[in-house]
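Down below is the structure, laid out as structure tokens.
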Protein chains: 2
Amino acid sequence: MIKIRDIAHRAGASIATVSRVVNGSGYVSADMRARIEAAVAELGYRPNAGARMMRSGSSRMVGVLLPALDVHFFGILAHTVEQALFARGYQAMICSTAESPDHEAAYVAAMLAQQVDGVILAAVTSDNSAVARLNAARVPIVAVDRALPGTPAVTADHHAGGRMLARHLLDLGHRSIGVVGAPGHSAPVQDRLAGIVAELAGAGLAPQSIRLGPEHSFEACRSLAADLLSDGMPTALIGISDMAAIGALHAAVARGLRVPDDLSVIGFDDLPAARYTIPQLTTIAQPIRQIGEAAVDTLIALMRGTPPPPPPALPLTLIARGTTAARAGVTLP
Amino acid sequence: MIKIRDIAHRAGASIATVSRVVNGSGYVSADMRARIEAAVAELGYRPNAGARMMRSGSSRMVGVLLPALDVHFFGILAHTVEQALFARGYQAMICSTAESPDHEAAYVAAMLAQQVDGVILAAVTSDNSAVARLNAARVPIVAVDRALPGTPAVTADHHAGGRMLARHLLDLGHRSIGVVGAPGHSAPVQDRLAGIVAELAGAGLAPQSIRLGPEHSFEACRSLAADLLSDGMPTALIGISDMAAIGALHAAVARGLRVPDDLSVIGFDDLPAARYTIPQLTTIAQPIRQIGEAAVDTLIALMRGTPPPPPPALPLTLIARGTTAARAGVTLP
DNA sequence: TTGTACGCGTTATCAA
DNA sequence: TTGATAACGCGTACAA
């Protein structure tokens, strides 16, 4: 590993001067700066992260703690966040907690030891000892996707999204509406559900039935939906996420139901896969990439101590595609 | 931040002894060990990663460099690799190169500065200056998904997979077979294509047409397939990946084709989404999770200097589902 | 404008 | 079995 002394020697300068050039601090003559920069480029010098970290207390790293990377939504979010951080000169330390508070705690401890400058966090639970430790160490946190008490959050309005799901089906004349989704413990899922229930209540209705499971996979959600459908037939089914909706779609097809003629299905997220079901999935689009970038902008402001930018609008959009239709016998205005 | 001196003071020991306990090295009396462990637990001490790194030259981190995290295949791979590393006491530093050699180079530089103990890499290109720098720094590397000259690799046999794709269609009586996929520059894509061509050649055939694009998304692949179909109709279409196959499926449906009656479609990977198309996608399953774990096992052996475990079988499996059928007019034996 | 020298928290060596 | 202490590479007061 090539170190600061090597550069100093090569450029005929002292290590202090090299440091000043590398960090852009203090006065250096143009001539000296050029010599040093040349040496840096030539030898491919990079300051040792450990030494720098020890000296300055900052690692130029941001921890990104997500419940899973094999769930496509979080994969996309991780990608966006990382690219945004990279563009601003920060390293992302991406970890996936596997929806486990224990893993989360272990990763937070590791991040503290790494002296990360900030953390972007989609927390497993909202009463969170990991968050408390981060706060105690005065590490700025931005919550993403799911709110966290006492922490700036960048998240879509899941409750409003829930209302939009129900509203769309109500507008199509549906009155018997089932709900499936996972993971049941997650705050966004609960928020969307609450929105659905609230909107239905406004129409004097309640969900025909609700099935939330622990595991967020196509297969688990298909099975949830199959159960629901065999217990009694709604005219429409809400998937709390696109994964759930796609699982539901298959449960319906397996029963010989035609979608959307016999059963309407709607999802949430607008993952790439939503446009590639047959028929194409009606869903509420969540601006994942904007969420990632806004989270990064907010965190960077926090780390610098500057006022965070105004929270951007994170619009939820109904994407009406092929899996929802007016209830049989209903004529729309 | 609580440091080793605090523990030493609290336990009435010297920092050297605390270090021995924390690292499990050297002799310490049971009594002293107990006192120190108690203090560590009580105060929540974690050795400062920067200091440790500077002293020992090791960061206990493994760099994981993938072309993208928003491609579901890599999201799953990242997840597996990270969980496996975590279980063995290593931190993953996951980066996504966005299929760009420049990003790749920047991340490798960062990893070198971080003094990662090893790297798991799905390289953008195979003649790779990033790899050369890693080798120069004597950082062990394991190639994953795509082979890299001079580097131990854990990857499915893409060429054999290509043959399996063609073989399945040949067995069903197809003689006019198109190929779509992306990204065209990627080695696995090229290898699978070569396998397809080889297997077809064995039957005295060549692909009816081939369309490879730069961008690996449903939409880009759908458009590729739409082009291909409007230039001339094969009886079967190979997607070089499930994404490509799903795009192709939609291009076919958009032309009013029935799958598999008018056109057979087959994919590669067996992503979760493959089972959730309609009809369900026939594909070649790649054992993603095994690949991730094998890569970690191999890398850990390399880092420890122990002989790497024998490369596990990474079986490719034909999953015959609903999108392939015998060519019209062909009776299977 | 440039250089010297100290200390950041650990681990490892050596002496006790 | 334990403790004192010298590095590790860097950033920054402070001196020149």
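Note on naming: chains are A, B, ... as they come in the structure tokens, residues start from 1 per chain, ligands start from 1 in the order shown.
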Check your understanding: What residues in chain A have any atom no more than 9 Å from chain D when counting only C-alpha atoms (C1' of nucleotides), and can you write them as an MDAnalysis selection string?
Key -> chainID A and resid 3:5 16 19:20 47:48 50:56
Review point. For chain C, which residues have at least one atom within 10 Å of chain B, if we go by only C-alpha atoms (C1' of nucleotides)? Write them as a list in words, please.
Key: DC8, DG9, DT10, DT11 and DA12 of chain C
Would you save the residues of that selection, restricted to N, CA and C atoms (P, O5', C5', C4', C3', O3' and C1' of nucleotides), as a compact mmCIF listing (two decimals), in the first residue's frame?
# COMPACT_ATOMS: atom_id res chain seq x y z
P DC C 8 -4.91 10.90 22.20
O5' DC C 8 -5.97 10.21 21.24
C5' DC C 8 -6.83 10.97 20.40
C4' DC C 8 -7.16 10.17 19.18
C3' DC C 8 -7.35 8.68 19.49
O3' DC C 8 -8.74 8.44 19.70
C1' DC C 8 -6.04 9.05 17.49
P DG C 9 -9.21 7.71 21.04
O5' DG C 9 -9.00 6.19 20.63
C5' DG C 9 -9.82 5.66 19.60
C4' DG C 9 -9.39 4.24 19.31
C3' DG C 9 -9.42 3.31 20.51
O3' DG C 9 -9.96 2.09 20.05
C1' DG C 9 -7.26 3.33 19.56
P DT C 10 -10.25 0.84 20.99
O5' DT C 10 -9.51 -0.34 20.24
C5' DT C 10 -8.21 -0.20 19.97
C4' DT C 10 -7.76 -1.04 18.80
C3' DT C 10 -7.30 -2.40 19.27
O3' DT C 10 -7.78 -3.43 18.42
C1' DT C 10 -5.44 -1.02 18.57
P DT C 11 -7.55 -4.94 18.96
O5' DT C 11 -6.05 -5.24 18.51
C5' DT C 11 -5.74 -5.30 17.13
C4' DT C 11 -4.27 -5.57 16.98
C3' DT C 11 -3.80 -6.89 17.59
O3' DT C 11 -2.94 -7.48 16.61
C1' DT C 11 -2.51 -5.12 18.45
P DA C 12 -2.32 -8.93 16.80
O5' DA C 12 -0.81 -8.62 17.19
C5' DA C 12 0.00 -7.86 16.30
C4' DA C 12 1.38 -7.73 16.90
C3' DA C 12 1.94 -9.02 17.49
O3' DA C 12 3.35 -9.00 17.31
C1' DA C 12 1.76 -7.43 19.19
Review point. Pick from B:Gly57, B:Pro152, B:Gly89, B:Gly247: nearest to B:Leu112, with only C-alpha atoms counted?
Key: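 Nearest to B:Leu112: B:Gly57.
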Practice item. Would you kindly return, as a list of chain:residue names, each protein, DNA or RNA residue with an atom no farther than 6 Å from any atom of stretch 64-77 of chain B, considering only C-alpha atoms (C1' of nucleotides) and excluding same-chain residues fewer than 2 positions away? Key: A:Leu69, A:Asp70, A:His72, A:Gly75, A:Ile76, A:His79, B:His79, B:Thr80, B:Met93, B:Ile94, B:Cys95, B:Ser96, B:Thr97, B:Ala98, B:Glu99, B:Val119, B:Ile120, B:Leu121, B:Ala122, B:Gly292
Keeping only C-alpha atoms, write the selected residues to a file as a short mmCIF file (atom, residue, chain, number, x, y, z; two decimals), in the first residue's frame.
data_model
loop_
_atom_site.label_atom_id
_atom_site.label_comp_id
_atom_site.auth_asym_id
_atom_site.auth_seq_id
_atom_site.Cartn_x
_atom_site.Cartn_y
_atom_site.Cartn_z
CA LEU A 69 -32.14 -7.24 -0.60
CA ASP A 70 -33.81 -10.20 -2.24
CA HIS A 72 -37.07 -6.46 -5.42
CA GLY A 75 -33.01 -4.06 -4.20
CA ILE A 76 -34.11 -1.10 -6.28
CA HIS A 79 -29.33 0.61 -5.83
CA HIS B 79 -28.57 -11.02 -0.03
CA THR B 80 -27.25 -14.56 0.11
CA MET B 93 -19.28 -3.95 1.68
CA ILE B 94 -21.79 -4.23 -1.15
CA CYS B 95 -21.36 -1.98 -4.16
CA SER B 96 -23.06 -1.85 -7.47
CA THR B 97 -21.04 -0.84 -10.45
CA ALA B 98 -24.01 0.00 -12.66
CA GLU B 99 -22.28 -2.08 -15.36
CA VAL B 119 -13.49 -9.45 -2.75
CA ILE B 120 -16.38 -11.25 -4.36
CA LEU B 121 -16.76 -9.91 -7.84
CA ALA B 122 -19.07 -10.18 -10.81
CA GLY B 292 -23.52 -17.20 -3.21
#
Review point. Out of stretch 91-271 of chain A, which residues get strand (DSSP E or B) from DSSP, as a PyMOL selection string?
Key: chain A and resi 91-96+118-121+141-144+153-154+177-181+209-212+236-239+264-269
Check your understanding: Using only C-alpha atoms (C1' of nucleotides), which residues sit within 12 Å of B:Val28 once same-chain residues fewer than 3 positions away are excluded, as a ChimeraX atom specification?
Key -> /B:13-14,16-25,31-37 /D:1-2
Restrict the selected residues to N, CA and C atoms (P, O5', C5', C4', C3', O3' and C1' of nucleotides) and save them as a PDB file, in the first residue's frame.
ATOM      1  N   ALA B  13      -7.645  -3.970  34.790  1.00  0.00           N
ATOM      2  CA  ALA B  13      -6.649  -4.723  34.018  1.00  0.00           C
ATOM      3  C   ALA B  13      -5.899  -3.745  33.126  1.00  0.00           C
ATOM      4  N   SER B  14      -4.936  -4.250  32.386  1.00  0.00           N
ATOM      5  CA  SER B  14      -4.248  -3.383  31.436  1.00  0.00           C
ATOM      6  C   SER B  14      -4.918  -3.540  30.068  1.00  0.00           C
ATOM      7  N   ALA B  16      -3.596  -4.287  27.383  1.00  0.00           N
ATOM      8  CA  ALA B  16      -3.085  -5.471  26.690  1.00  0.00           C
ATOM      9  C   ALA B  16      -3.932  -6.690  27.023  1.00  0.00           C
ATOM     10  N   THR B  17      -4.258  -6.813  28.295  1.00  0.00           N
ATOM     11  CA  THR B  17      -5.056  -7.975  28.705  1.00  0.00           C
ATOM     12  C   THR B  17      -6.455  -7.918  28.096  1.00  0.00           C
ATOM     13  N   VAL B  18      -7.000  -6.715  28.112  1.00  0.00           N
ATOM     14  CA  VAL B  18      -8.328  -6.572  27.500  1.00  0.00           C
ATOM     15  C   VAL B  18      -8.266  -6.996  26.041  1.00  0.00           C
ATOM     16  N   SER B  19      -7.257  -6.536  25.352  1.00  0.00           N
ATOM     17  CA  SER B  19      -7.104  -6.898  23.945  1.00  0.00           C
ATOM     18  C   SER B  19      -7.042  -8.410  23.779  1.00  0.00           C
ATOM     19  N   ARG B  20      -6.294  -9.051  24.657  1.00  0.00           N
ATOM     20  CA  ARG B  20      -6.183 -10.508  24.559  1.00  0.00           C
ATOM     21  C   ARG B  20      -7.541 -11.178  24.711  1.00  0.00           C
ATOM     22  N   VAL B  21      -8.320 -10.682  25.643  1.00  0.00           N
ATOM     23  CA  VAL B  21      -9.640 -11.285  25.856  1.00  0.00           C
ATOM     24  C   VAL B  21     -10.526 -11.043  24.632  1.00  0.00           C
ATOM     25  N   VAL B  22     -10.542  -9.800  24.207  1.00  0.00           N
ATOM     26  CA  VAL B  22     -11.425  -9.446  23.094  1.00  0.00           C
ATOM     27  C   VAL B  22     -11.072 -10.249  21.843  1.00  0.00           C
ATOM     28  N   ASN B  23      -9.773 -10.464  21.619  1.00  0.00           N
ATOM     29  CA  ASN B  23      -9.369 -11.165  20.408  1.00  0.00           C
ATOM     30  C   ASN B  23      -9.121 -12.652  20.626  1.00  0.00           C
ATOM     31  N   GLY B  24      -9.321 -13.101  21.843  1.00  0.00           N
ATOM     32  CA  GLY B  24      -9.133 -14.524  22.115  1.00  0.00           C
ATOM     33  C   GLY B  24      -7.717 -14.997  21.847  1.00  0.00           C
ATOM     34  N   SER B  25      -6.735 -14.136  22.101  1.00  0.00           N
ATOM     35  CA  SER B  25      -5.351 -14.536  21.838  1.00  0.00           C
ATOM     36  C   SER B  25      -4.549 -14.478  23.128  1.00  0.00           C
ATOM     37  N   ASP B  31     -10.523 -15.897  35.835  1.00  0.00           N
ATOM     38  CA  ASP B  31     -11.061 -14.848  36.686  1.00  0.00           C
ATOM     39  C   ASP B  31     -11.001 -13.481  36.003  1.00  0.00           C
ATOM     40  N   MET B  32      -9.807 -13.172  35.514  1.00  0.00           N
ATOM     41  CA  MET B  32      -9.603 -11.904  34.809  1.00  0.00           C
ATOM     42  C   MET B  32     -10.501 -11.827  33.576  1.00  0.00           C
ATOM     43  N   ARG B  33     -10.544 -12.948  32.839  1.00  0.00           N
ATOM     44  CA  ARG B  33     -11.362 -12.987  31.627  1.00  0.00           C
ATOM     45  C   ARG B  33     -12.808 -12.648  31.960  1.00  0.00           C
ATOM     46  N   ALA B  34     -13.305 -13.242  33.024  1.00  0.00           N
ATOM     47  CA  ALA B  34     -14.703 -13.012  33.407  1.00  0.00           C
ATOM     48  C   ALA B  34     -14.925 -11.532  33.721  1.00  0.00           C
ATOM     49  N   ARG B  35     -14.013 -10.947  34.485  1.00  0.00           N
ATOM     50  CA  ARG B  35     -14.166  -9.534  34.842  1.00  0.00           C
ATOM     51  C   ARG B  35     -14.204  -8.659  33.589  1.00  0.00           C
ATOM     52  N   ILE B  36     -13.310  -8.977  32.668  1.00  0.00           N
ATOM     53  CA  ILE B  36     -13.225  -8.156  31.462  1.00  0.00           C
ATOM     54  C   ILE B  36     -14.458  -8.340  30.585  1.00  0.00           C
ATOM     55  N   GLU B  37     -14.873  -9.589  30.448  1.00  0.00           N
ATOM     56  CA  GLU B  37     -16.059  -9.816  29.629  1.00  0.00           C
ATOM     57  C   GLU B  37     -17.271  -9.100  30.214  1.00  0.00           C
TER      58      GLU B  37
ATOM     59  P    DT D   1      -2.006 -19.532  32.935  1.00  0.00           P
ATOM     60  O5'  DT D   1      -2.153 -17.952  33.168  1.00  0.00           O
ATOM     61  C5'  DT D   1      -2.416 -17.485  34.461  1.00  0.00           C
ATOM     62  C4'  DT D   1      -1.833 -16.124  34.547  1.00  0.00           C
ATOM     63  C3'  DT D   1      -2.591 -15.040  33.746  1.00  0.00           C
ATOM     64  O3'  DT D   1      -3.279 -14.248  34.688  1.00  0.00           O
ATOM     65  C1'  DT D   1      -0.227 -14.790  33.592  1.00  0.00           C
ATOM     66  P    DT D   2      -4.049 -12.958  34.327  1.00  0.00           P
ATOM     67  O5'  DT D   2      -2.867 -11.915  34.152  1.00  0.00           O
ATOM     68  C5'  DT D   2      -2.595 -11.006  35.183  1.00  0.00           C
ATOM     69  C4'  DT D   2      -1.467 -10.121  34.750  1.00  0.00           C
ATOM     70  C3'  DT D   2      -1.903  -8.882  33.987  1.00  0.00           C
ATOM     71  O3'  DT D   2      -1.953  -7.819  34.913  1.00  0.00           O
ATOM     72  C1'  DT D   2       0.145  -9.810  33.164  1.00  0.00           C
TER      73       DT D   2
END
Out of stretch 118-285 of chain B, which residues get helix (DSSP H, G or I) from DSSP, as a compact mmCIF listing (two decimals) with N, CA and C atoms, in the first residue's frame?
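Ended up saving to states-v4.txt:
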# COMPACT_ATOMS: atom_id res chain seq x y z
N SER B 129 -8.70 -3.86 -15.34
CA SER B 129 -7.62 -3.21 -14.61
C SER B 129 -7.91 -3.22 -13.11
N ALA B 130 -9.20 -3.21 -12.76
CA ALA B 130 -9.57 -3.27 -11.35
C ALA B 130 -9.03 -4.55 -10.73
N VAL B 131 -9.21 -5.64 -11.44
CA VAL B 131 -8.73 -6.92 -10.94
C VAL B 131 -7.21 -6.90 -10.79
N ALA B 132 -6.55 -6.28 -11.74
CA ALA B 132 -5.10 -6.19 -11.67
C ALA B 132 -4.67 -5.45 -10.40
N ARG B 133 -5.36 -4.38 -10.07
CA ARG B 133 -5.00 -3.63 -8.86
C ARG B 133 -5.22 -4.47 -7.61
N LEU B 134 -6.31 -5.19 -7.61
CA LEU B 134 -6.59 -6.06 -6.47
C LEU B 134 -5.49 -7.12 -6.35
N ASN B 135 -5.12 -7.70 -7.44
CA ASN B 135 -4.05 -8.70 -7.41
C ASN B 135 -2.75 -8.10 -6.93
N ALA B 136 -2.45 -6.91 -7.42
CA ALA B 136 -1.21 -6.25 -7.01
C ALA B 136 -1.19 -6.06 -5.49
N HIS B 158 -22.62 -21.67 -17.84
CA HIS B 158 -23.56 -20.98 -18.73
C HIS B 158 -23.61 -21.61 -20.12
N HIS B 159 -22.46 -22.11 -20.55
CA HIS B 159 -22.43 -22.73 -21.88
C HIS B 159 -23.33 -23.97 -21.89
N ALA B 160 -23.18 -24.80 -20.86
CA ALA B 160 -24.04 -25.98 -20.76
C ALA B 160 -25.51 -25.56 -20.65
N GLY B 161 -25.74 -24.47 -19.93
CA GLY B 161 -27.11 -23.96 -19.80
C GLY B 161 -27.67 -23.57 -21.16
N GLY B 162 -26.83 -22.95 -21.96
CA GLY B 162 -27.25 -22.59 -23.32
C GLY B 162 -27.64 -23.82 -24.12
N ARG B 163 -26.85 -24.86 -23.98
CA ARG B 163 -27.17 -26.11 -24.69
C ARG B 163 -28.50 -26.66 -24.21
N MET B 164 -28.73 -26.58 -22.90
CA MET B 164 -29.99 -27.12 -22.36
C MET B 164 -31.19 -26.37 -22.92
N LEU B 165 -31.03 -25.05 -23.04
CA LEU B 165 -32.12 -24.24 -23.60
C LEU B 165 -32.48 -24.76 -24.99
N ALA B 166 -31.44 -24.88 -25.83
CA ALA B 166 -31.67 -25.31 -27.21
C ALA B 166 -32.18 -26.74 -27.25
N ARG B 167 -31.59 -27.60 -26.43
CA ARG B 167 -31.96 -29.02 -26.43
C ARG B 167 -33.44 -29.21 -26.13
N HIS B 168 -33.92 -28.48 -25.12
CA HIS B 168 -35.33 -28.62 -24.75
C HIS B 168 -36.23 -28.29 -25.95
N LEU B 169 -35.90 -27.23 -26.65
CA LEU B 169 -36.74 -26.82 -27.78
C LEU B 169 -36.60 -27.79 -28.94
N LEU B 170 -35.38 -28.25 -29.15
CA LEU B 170 -35.15 -29.24 -30.19
C LEU B 170 -35.98 -30.50 -29.92
N ASP B 171 -35.95 -30.94 -28.67
CA ASP B 171 -36.71 -32.14 -28.29
C ASP B 171 -38.20 -31.97 -28.53
N ALA B 187 -20.47 -11.64 -20.11
CA ALA B 187 -19.91 -12.95 -20.41
C ALA B 187 -20.94 -14.07 -20.28
N PRO B 188 -21.74 -14.09 -19.22
CA PRO B 188 -22.71 -15.19 -19.12
C PRO B 188 -23.67 -15.20 -20.31
N VAL B 189 -24.06 -14.02 -20.75
CA VAL B 189 -24.96 -13.94 -21.90
C VAL B 189 -24.27 -14.53 -23.13
N GLN B 190 -23.03 -14.14 -23.32
CA GLN B 190 -22.27 -14.66 -24.47
C GLN B 190 -22.08 -16.17 -24.36
N ASP B 191 -21.78 -16.64 -23.16
CA ASP B 191 -21.57 -18.07 -22.99
C ASP B 191 -22.84 -18.87 -23.28
N ARG B 192 -23.94 -18.37 -22.76
CA ARG B 192 -25.19 -19.09 -23.02
C ARG B 192 -25.49 -19.10 -24.50
N LEU B 193 -25.27 -17.97 -25.13
CA LEU B 193 -25.52 -17.89 -26.56
C LEU B 193 -24.65 -18.89 -27.31
N ALA B 194 -23.38 -18.97 -26.93
CA ALA B 194 -22.48 -19.92 -27.59
C ALA B 194 -22.99 -21.34 -27.40
N GLY B 195 -23.50 -21.65 -26.21
CA GLY B 195 -24.05 -22.98 -25.96
C GLY B 195 -25.26 -23.26 -26.84
N ILE B 196 -26.10 -22.26 -26.98
CA ILE B 196 -27.28 -22.41 -27.84
C ILE B 196 -26.84 -22.71 -29.27
N VAL B 197 -25.91 -21.89 -29.75
CA VAL B 197 -25.45 -22.03 -31.13
C VAL B 197 -24.81 -23.41 -31.33
N ALA B 198 -24.02 -23.84 -30.35
CA ALA B 198 -23.36 -25.13 -30.46
C ALA B 198 -24.37 -26.27 -30.53
N GLU B 199 -25.36 -26.20 -29.65
CA GLU B 199 -26.33 -27.29 -29.62
C GLU B 199 -27.15 -27.32 -30.91
N LEU B 200 -27.53 -26.15 -31.37
CA LEU B 200 -28.29 -26.09 -32.63
C LEU B 200 -27.44 -26.62 -33.78
N ALA B 201 -26.16 -26.24 -33.76
CA ALA B 201 -25.26 -26.69 -34.83
C ALA B 201 -25.20 -28.22 -34.85
N GLY B 202 -25.24 -28.83 -33.69
CA GLY B 202 -25.24 -30.28 -33.61
C GLY B 202 -26.43 -30.90 -34.32
N PHE B 218 -37.14 -5.58 -18.47
CA PHE B 218 -38.30 -6.16 -19.15
C PHE B 218 -38.59 -5.40 -20.44
N GLU B 219 -38.64 -4.09 -20.28
CA GLU B 219 -39.07 -3.25 -21.38
C GLU B 219 -38.11 -3.35 -22.57
N ALA B 220 -36.82 -3.25 -22.30
CA ALA B 220 -35.84 -3.32 -23.39
C ALA B 220 -35.92 -4.67 -24.08
N CYS B 221 -36.11 -5.72 -23.30
CA CYS B 221 -36.15 -7.05 -23.89
C CYS B 221 -37.46 -7.28 -24.65
N ARG B 222 -38.54 -6.71 -24.13
CA ARG B 222 -39.81 -6.81 -24.86
C ARG B 222 -39.66 -6.20 -26.25
N SER B 223 -39.02 -5.06 -26.27
CA SER B 223 -38.88 -4.35 -27.52
C SER B 223 -37.98 -5.11 -28.50
N LEU B 224 -36.92 -5.69 -27.97
CA LEU B 224 -36.05 -6.55 -28.79
C LEU B 224 -36.86 -7.70 -29.40
N ALA B 225 -37.67 -8.32 -28.57
CA ALA B 225 -38.44 -9.48 -29.04
C ALA B 225 -39.49 -9.04 -30.05
N ALA B 226 -40.08 -7.88 -29.83
CA ALA B 226 -41.09 -7.38 -30.77
C ALA B 226 -40.45 -7.18 -32.14
N ASP B 227 -39.29 -6.59 -32.15
CA ASP B 227 -38.54 -6.45 -33.41
C ASP B 227 -38.32 -7.79 -34.09
N LEU B 228 -37.81 -8.70 -33.29
CA LEU B 228 -37.48 -10.02 -33.84
C LEU B 228 -38.72 -10.66 -34.47
N LEU B 229 -39.84 -10.58 -33.75
CA LEU B 229 -41.04 -11.25 -34.24
C LEU B 229 -41.60 -10.58 -35.49
N SER B 230 -41.38 -9.29 -35.59
CA SER B 230 -41.95 -8.63 -36.77
C SER B 230 -41.07 -8.84 -38.00
N ASP B 231 -39.86 -9.31 -37.78
CA ASP B 231 -38.99 -9.59 -38.93
C ASP B 231 -39.19 -10.99 -39.49
N ASP B 242 -34.52 -14.86 -17.57
CA ASP B 242 -35.96 -14.81 -17.36
C ASP B 242 -36.53 -13.45 -17.71
N MET B 243 -35.78 -12.41 -17.41
CA MET B 243 -36.25 -11.08 -17.76
C MET B 243 -36.51 -10.97 -19.25
N ALA B 244 -35.54 -11.46 -20.01
CA ALA B 244 -35.70 -11.41 -21.47
C ALA B 244 -36.89 -12.25 -21.89
N ALA B 245 -37.04 -13.42 -21.28
CA ALA B 245 -38.14 -14.31 -21.67
C ALA B 245 -39.49 -13.68 -21.33
N ILE B 246 -39.55 -13.03 -20.19
CA ILE B 246 -40.82 -12.41 -19.80
C ILE B 246 -41.13 -11.25 -20.74
N GLY B 247 -40.13 -10.49 -21.10
CA GLY B 247 -40.32 -9.45 -22.11
C GLY B 247 -40.82 -10.06 -23.41
N ALA B 248 -40.21 -11.17 -23.79
CA ALA B 248 -40.60 -11.83 -25.05
C ALA B 248 -42.04 -12.32 -24.99
N LEU B 249 -42.39 -12.87 -23.85
CA LEU B 249 -43.76 -13.35 -23.64
C LEU B 249 -44.75 -12.24 -23.95
N HIS B 250 -44.43 -11.05 -23.45
CA HIS B 250 -45.35 -9.93 -23.65
C HIS B 250 -45.35 -9.43 -25.09
N ALA B 251 -44.21 -9.49 -25.71
CA ALA B 251 -44.17 -9.11 -27.12
C ALA B 251 -45.05 -10.06 -27.93
N ALA B 252 -44.99 -11.33 -27.57
CA ALA B 252 -45.79 -12.32 -28.29
C ALA B 252 -47.28 -12.07 -28.07
N VAL B 253 -47.64 -11.87 -26.81
CA VAL B 253 -49.05 -11.62 -26.51
C VAL B 253 -49.54 -10.36 -27.23
N ALA B 254 -48.69 -9.36 -27.27
CA ALA B 254 -49.07 -8.11 -27.93
C ALA B 254 -49.34 -8.33 -29.42
N PRO B 272 -37.92 -15.78 -8.95
CA PRO B 272 -39.26 -15.95 -8.37
C PRO B 272 -40.35 -15.58 -9.37
N ALA B 273 -40.10 -14.56 -10.19
CA ALA B 273 -41.13 -14.11 -11.12
C ALA B 273 -41.46 -15.15 -12.19
N ALA B 274 -40.55 -16.09 -12.44
CA ALA B 274 -40.76 -17.04 -13.54
C ALA B 274 -41.97 -17.93 -13.27
N ARG B 275 -42.20 -18.22 -12.03
CA ARG B 275 -43.32 -19.08 -11.68
C ARG B 275 -44.62 -18.28 -11.68
N TYR B 276 -44.48 -16.99 -11.80
CA TYR B 276 -45.65 -16.14 -11.68
C TYR B 276 -45.98 -15.35 -12.94
Review point. Out of A:Glu82, A:Asp262, A:Asp6, A:Glu293, which residue has the shortest atom-to-atom distance to chain B when counting only C-alpha atoms?
Key: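 Going through A:Glu82, A:Asp262, A:Asp6, A:Glu293 one by one, the smallest distance to chain B is for A:Glu82.
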